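work08.cif, holding mmCIF, C-alpha atoms and all ligand atoms:
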```
data_run
loop_
_atom_site.label_atom_id
_atom_site.label_comp_id
_atom_site.auth_asym_id
_atom_site.auth_seq_id
_atom_site.Cartn_x
_atom_site.Cartn_y
_atom_site.Cartn_z
CA MET A 1 3.11 22.47 -12.62
CA THR A 2 3.50 19.30 -14.73
CA ASP A 3 2.58 15.97 -13.13
CA ASP A 4 6.29 15.03 -12.98
CA ALA A 5 7.27 18.30 -11.29
CA GLU A 6 4.39 18.03 -8.80
CA ARG A 7 5.36 14.41 -8.07
CA ALA A 8 8.99 15.42 -7.39
CA THR A 9 7.92 18.32 -5.17
CA VAL A 10 5.49 16.15 -3.20
CA ALA A 11 8.05 13.34 -2.88
CA ALA A 12 10.58 15.80 -1.41
CA ALA A 13 8.01 17.15 1.06
CA VAL A 14 6.96 13.63 2.10
CA ARG A 15 10.62 12.66 2.58
CA ARG A 16 11.13 15.65 4.88
CA ALA A 17 7.98 14.74 6.86
CA ILE A 18 8.55 11.00 7.36
CA ARG A 19 9.97 10.24 10.77
CA ASP A 20 12.48 7.42 11.34
CA VAL A 21 11.84 5.63 14.63
CA PRO A 22 14.79 3.34 15.49
CA ASP A 23 14.19 -0.03 17.19
CA PHE A 24 10.40 -0.03 16.65
CA PRO A 25 8.58 -2.38 16.96
CA LYS A 26 11.72 -4.51 17.56
CA PRO A 27 15.45 -3.83 18.01
CA GLY A 28 17.14 -3.35 14.63
CA ILE A 29 14.02 -2.15 12.75
CA VAL A 30 13.95 1.50 11.66
CA PHE A 31 10.22 2.20 11.47
CA LYS A 32 9.11 4.70 8.83
CA ASP A 33 6.42 6.72 10.63
CA ILE A 34 4.02 8.29 8.09
CA THR A 35 1.82 10.04 10.67
CA PRO A 36 3.59 13.42 10.16
CA VAL A 37 2.38 13.25 6.53
CA LEU A 38 -1.20 12.55 7.62
CA VAL A 39 -1.26 15.33 10.19
CA ASP A 40 -0.42 17.88 7.46
CA ALA A 41 -3.82 18.24 5.72
CA THR A 42 -2.40 19.67 2.48
CA LEU A 43 0.48 17.19 2.24
CA PHE A 44 -1.86 14.25 2.92
CA VAL A 45 -4.01 15.17 -0.12
CA ARG A 46 -1.00 15.92 -2.33
CA ALA A 47 0.67 12.63 -1.37
CA THR A 48 -2.38 10.46 -2.17
CA ASP A 49 -3.07 12.45 -5.37
CA ALA A 50 0.54 11.82 -6.43
CA MET A 51 0.10 8.09 -5.71
CA ALA A 52 -3.08 8.05 -7.85
CA ALA A 53 -1.80 10.23 -10.72
CA PRO A 54 0.04 7.53 -12.76
CA TYR A 55 -3.18 5.48 -12.89
CA ARG A 56 -5.62 8.15 -14.02
CA GLY A 57 -7.46 6.95 -17.12
CA SER A 58 -5.78 3.53 -16.94
CA GLY A 59 -8.91 1.52 -16.24
CA ILE A 60 -8.47 0.91 -12.51
CA THR A 61 -11.87 -0.22 -11.24
CA HIS A 62 -10.81 -1.35 -7.74
CA VAL A 63 -8.22 -0.28 -5.18
CA VAL A 64 -7.28 -3.14 -2.83
CA ALA A 65 -5.58 -1.83 0.31
CA ILE A 66 -3.82 -3.61 3.15
CA GLU A 67 -4.69 -3.19 6.85
CA SER A 68 -4.11 -0.81 8.43
CA ARG A 69 -1.96 2.03 7.06
CA GLY A 70 -2.82 0.91 3.54
CA PHE A 71 -6.45 1.83 4.29
CA ILE A 72 -5.48 5.40 5.19
CA LEU A 73 -3.78 5.91 1.82
CA GLY A 74 -5.85 3.53 -0.30
CA ALA A 75 -9.26 5.08 0.41
CA PRO A 76 -8.35 8.56 -0.89
CA VAL A 77 -6.48 6.99 -3.84
CA ALA A 78 -9.65 5.03 -4.71
CA GLN A 79 -11.83 8.14 -4.47
CA SER A 80 -9.34 10.14 -6.51
CA LEU A 81 -9.51 7.49 -9.28
CA GLY A 82 -13.29 7.01 -9.06
CA ALA A 83 -12.57 3.37 -8.14
CA ALA A 84 -14.13 0.99 -5.63
CA PHE A 85 -12.30 0.24 -2.36
CA VAL A 86 -11.62 -3.30 -1.11
CA PRO A 87 -10.05 -3.94 2.33
CA VAL A 88 -7.54 -6.74 2.91
CA ARG A 89 -7.53 -7.53 6.62
CA LYS A 90 -5.88 -9.62 9.31
CA PRO A 91 -7.61 -12.98 9.92
CA GLY A 92 -11.02 -13.01 11.57
CA LYS A 93 -11.92 -9.37 10.91
CA LEU A 94 -14.00 -9.64 7.75
CA PRO A 95 -17.57 -10.82 8.35
CA SER A 96 -18.43 -12.68 5.15
CA ARG A 97 -16.75 -15.53 3.21
CA THR A 98 -13.04 -14.89 2.64
CA VAL A 99 -9.95 -16.13 0.81
CA ARG A 100 -6.80 -16.35 2.98
CA GLU A 101 -3.05 -16.20 2.25
CA ASP A 102 -0.16 -16.72 4.70
CA TYR A 103 2.95 -14.56 4.28
CA ALA A 104 6.29 -13.62 5.88
CA LEU A 105 7.02 -10.12 7.22
CA GLU A 106 10.23 -8.17 7.88
CA TYR A 107 9.37 -8.80 11.53
CA GLY A 108 7.36 -12.01 11.90
CA SER A 109 4.69 -13.83 9.90
CA ASP A 110 0.97 -13.42 9.49
CA ALA A 111 -2.01 -14.04 7.23
CA LEU A 112 -4.36 -11.83 5.25
CA GLU A 113 -7.96 -12.23 4.15
CA MET A 114 -10.22 -10.63 1.57
CA HIS A 115 -13.91 -11.15 0.85
CA VAL A 116 -14.12 -13.78 -1.87
CA ASP A 117 -16.78 -11.84 -3.81
CA ALA A 118 -15.16 -8.38 -3.46
CA LEU A 119 -13.77 -8.34 -7.01
CA ALA A 120 -16.79 -9.80 -8.79
CA ASN A 121 -16.99 -6.87 -11.25
CA ALA A 122 -13.31 -5.87 -11.22
CA ARG A 123 -11.21 -5.21 -14.31
CA GLY A 124 -8.00 -3.42 -13.27
CA VAL A 125 -6.92 -3.70 -9.62
CA LEU A 126 -4.46 -1.32 -7.96
CA ILE A 127 -2.94 -2.60 -4.70
CA VAL A 128 -2.01 0.17 -2.22
CA ASP A 129 0.10 0.07 0.95
CA ASP A 130 2.33 2.52 2.81
CA VAL A 131 5.68 0.70 2.79
CA LEU A 132 7.21 -1.89 0.44
CA ALA A 133 9.77 -3.76 2.56
CA THR A 134 10.37 -7.47 1.76
CA GLY A 135 7.27 -7.56 -0.44
CA GLY A 136 5.75 -10.53 1.42
CA THR A 137 2.59 -8.63 2.35
CA SER A 138 1.90 -7.27 -1.12
CA ALA A 139 2.82 -10.56 -2.86
CA ALA A 140 0.24 -12.30 -0.64
CA THR A 141 -2.26 -9.59 -1.60
CA CYS A 142 -1.55 -10.17 -5.31
CA ARG A 143 -2.34 -13.86 -4.75
CA LEU A 144 -5.59 -12.96 -2.95
CA VAL A 145 -6.63 -10.68 -5.82
CA GLU A 146 -5.94 -13.37 -8.41
CA ARG A 147 -7.69 -16.10 -6.40
CA ALA A 148 -10.75 -13.81 -6.23
CA GLY A 149 -10.68 -13.43 -10.04
CA GLY A 150 -9.04 -9.99 -10.25
CA ARG A 151 -6.17 -8.78 -12.45
CA VAL A 152 -3.40 -6.84 -10.69
CA ALA A 153 -2.63 -3.75 -12.79
CA ALA A 154 0.01 -2.44 -10.36
CA CYS A 155 1.14 -2.13 -6.74
CA ALA A 156 1.56 1.45 -5.46
CA PHE A 157 3.41 2.42 -2.27
CA LEU A 158 4.16 5.67 -0.54
CA LEU A 159 7.72 4.46 0.05
CA GLU A 160 10.03 1.58 -0.72
CA LEU A 161 12.93 0.23 1.36
CA THR A 162 15.05 -0.87 -1.61
CA ALA A 163 17.61 -2.89 0.40
CA LEU A 164 14.88 -5.34 1.43
CA GLY A 165 14.25 -6.51 -2.14
CA GLY A 166 10.47 -6.07 -2.35
CA ARG A 167 10.53 -5.56 -6.12
CA ALA A 168 12.02 -9.03 -6.59
CA ALA A 169 9.19 -10.52 -4.51
CA LEU A 170 6.78 -8.73 -6.84
CA ALA A 171 8.53 -9.79 -10.08
CA GLY A 172 6.06 -9.76 -12.95
CA TYR A 173 3.97 -6.96 -11.42
CA ALA A 174 4.24 -3.23 -12.07
CA VAL A 175 5.54 -1.57 -8.89
CA ASP A 176 5.54 2.12 -8.12
CA ALA A 177 6.70 4.03 -5.02
CA LEU A 178 6.66 7.79 -4.49
CA LEU A 179 9.91 7.57 -2.50
CA GLN A 180 12.86 5.20 -2.32
CA TYR A 181 15.18 4.72 0.64
P1 LIG B 201 6.78 -6.42 3.73
O1 LIG B 201 5.75 -7.50 3.66
O2 LIG B 201 8.07 -6.86 4.31
O3 LIG B 201 6.95 -5.70 2.39
O4 LIG B 201 6.27 -5.35 4.78
C1 LIG B 201 5.34 -4.44 4.42
C2 LIG B 201 4.39 -4.15 5.55
O5 LIG B 201 5.01 -4.03 6.81
C3 LIG B 201 3.70 -2.86 5.26
O6 LIG B 201 2.32 -3.04 5.50
C4 LIG B 201 4.31 -1.88 6.20
O7 LIG B 201 3.31 -1.11 6.81
C5 LIG B 201 5.06 -2.68 7.24
N1 LIG B 201 6.48 -2.34 7.38
C6 LIG B 201 7.53 -3.13 7.12
N2 LIG B 201 8.67 -2.57 7.39
C7 LIG B 201 8.39 -1.33 7.83
C8 LIG B 201 9.18 -0.22 8.27
N3 LIG B 201 10.51 -0.28 8.31
N4 LIG B 201 8.53 0.91 8.63
C9 LIG B 201 7.19 0.96 8.59
N5 LIG B 201 6.39 -0.03 8.19
C10 LIG B 201 6.98 -1.18 7.82
#
```

Starting from the coordinates I provided, produce the structure as structure tokens.
Amino acid sequence: MTDDAERATVAAAVRRAIRDVPDFPKPGIVFKDITPVLVDATLFVRATDAMAAPYRGSGITHVVAIESRGFILGAPVAQSLGAAFVPVRKPGKLPSRTVREDYALEYGSDALEMHVDALANARGVLIVDDVLATGGTSAATCRLVERAGGRVAACAFLLELTALGGRAALAGYAVDALLQY
């Protein structure tokens, strides 16, 4: 199968697997539950391979992934690309010196931190998360990467909620999602 055909097949299988959970974690939010993808061993590998495929041979040295579902997808993407893995975490979780960015969420506001020296030898950085919604989380992560001296090559998501305008929040960055809703 060509990469494009495999990507389309995997995207269709992931779409069938993802579970919509209405009114979680708050009334009015339709939560995209990715756990049915993870619990299917074959689909889990195919989904993360499909996320990594566009970046093969593109000089990605580091995958930066966002707590917590971003870790689940970002670690296999990093290994698939032969890249290093860098966690971006909620405040107070990382033990060494950090940079911090505040950001707005679809449901609330929060802050993210990354070790200040995590990208010391980075060239191309791929940011990975499960869902692109308003883009606030990943835009804050782009700022963290740049403050730590990294260059954002692209942001890769399993799925994108297009009505929430995340691509506009990430204007100027390459954005890629396996699925759009
Ligand atoms: P945002 O900053 O608005 O792009 O939100 C992205 C973050 O919030 C991601 O880390 C997602 O895991 C989570 N998120 C936002 N909306 C949803 C949703 N409808 N279903 C599942 N996760 C979501």

Could the residues of chain A that have an atom at most 6 Å from ligand LIG 201 (chain B) be listed as a tab-separated table, each with its closest atom pair and the distance in Å to one decimal, counting all atoms listed in the file and ordered by chain and ascending residue number?
```
residue	atom	partner	partner_atom	distance
A:Ile29	CA	B:LIG201	N3	6.0
A:Val30	CA	B:LIG201	N3	5.1
A:Phe31	CA	B:LIG201	N4	3.5
A:Lys32	CA	B:LIG201	N4	3.8
A:Leu105	CA	B:LIG201	O2	4.5
A:Glu106	CA	B:LIG201	O2	4.4
A:Asp129	CA	B:LIG201	O6	5.9
A:Asp130	CA	B:LIG201	O7	5.5
A:Val131	CA	B:LIG201	C4	4.5
A:Leu132	CA	B:LIG201	O3	4.3
A:Ala133	CA	B:LIG201	O3	3.4
A:Thr134	CA	B:LIG201	O2	3.5
A:Gly135	CA	B:LIG201	O3	3.4
A:Gly136	CA	B:LIG201	O1	3.8
A:Thr137	CA	B:LIG201	O1	3.6
A:Gly166	CA	B:LIG201	O3	5.9
```

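For Leu73 of chain A, the non-local neighbours within 8 Å, defined as residues at least 3 positions apart in the same chain or in other chains and counting all atoms listed in the file, are Thr48, Arg69, Gly70, Pro76, Val77, Val128, Asp129 and Asp130 of chain A.
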
*Tell me, as a ChimeraX atom specification, which residues lie within 12 Å of Val63 of chain A, counting all atoms listed in the file; anything in the same chain fewer than 5 positions away does not count.*
/A:51-52,55,70-71,73-88,118-119,122-129,141-142,145,150-156

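Going from atom CA of Val64 of chain A over to atom CA of Gly165 of chain A, you cover 21.8 Å.
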
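Shortest atom-to-atom contact with Ala47 of chain A among A:Tyr173, A:Tyr103, A:Phe157, A:Phe24: A:Phe157, counting only C-alpha atoms.
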
*Separation of atom CA of Asp176 of chain A from atom CA of Ala41 of chain A in Å*: 23.2 Å

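For the atom pair formed by atom CA of Asp110 of chain A and atom CA of Lys90 of chain A, the distance is 7.8 Å, given to one decimal.
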
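Among the candidate residues A:Gly108, A:Leu159, A:Val99, A:Val175, the one lying nearest to Lys26 of chain A is A:Gly108, with distances computed using all atoms listed in the file.
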
*For Arg100 of chain A: contacts at 10 Å, all atoms listed in the file, fewer than 6 positions along chain excluded, given as JSON, numbers by chain*: {"A": [88, 89, 90, 91, 111, 112, 113, 114, 115, 116, 140, 141, 143, 144, 147]}

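Distance annotation: of A:Glu160, A:Glu6, A:Asp23, A:Glu101, the residue with the minimal separation from Glu146 of chain A is A:Glu101; atom set is all atoms listed in the file.
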
*Got a sec to check which residues sit within 6 Å of (10.3, 10.0, -2.6), counting all atoms listed in the file, and write them as JSON, numbers by chain?*
{"A": [11, 12, 15, 178, 179, 180]}

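Nearest-residue note for Thr61 of chain A: choosing from A:Ala163, A:Val37, A:Leu158, A:Ala120, the minimum distance belongs to A:Ala120, counting all atoms listed in the file.
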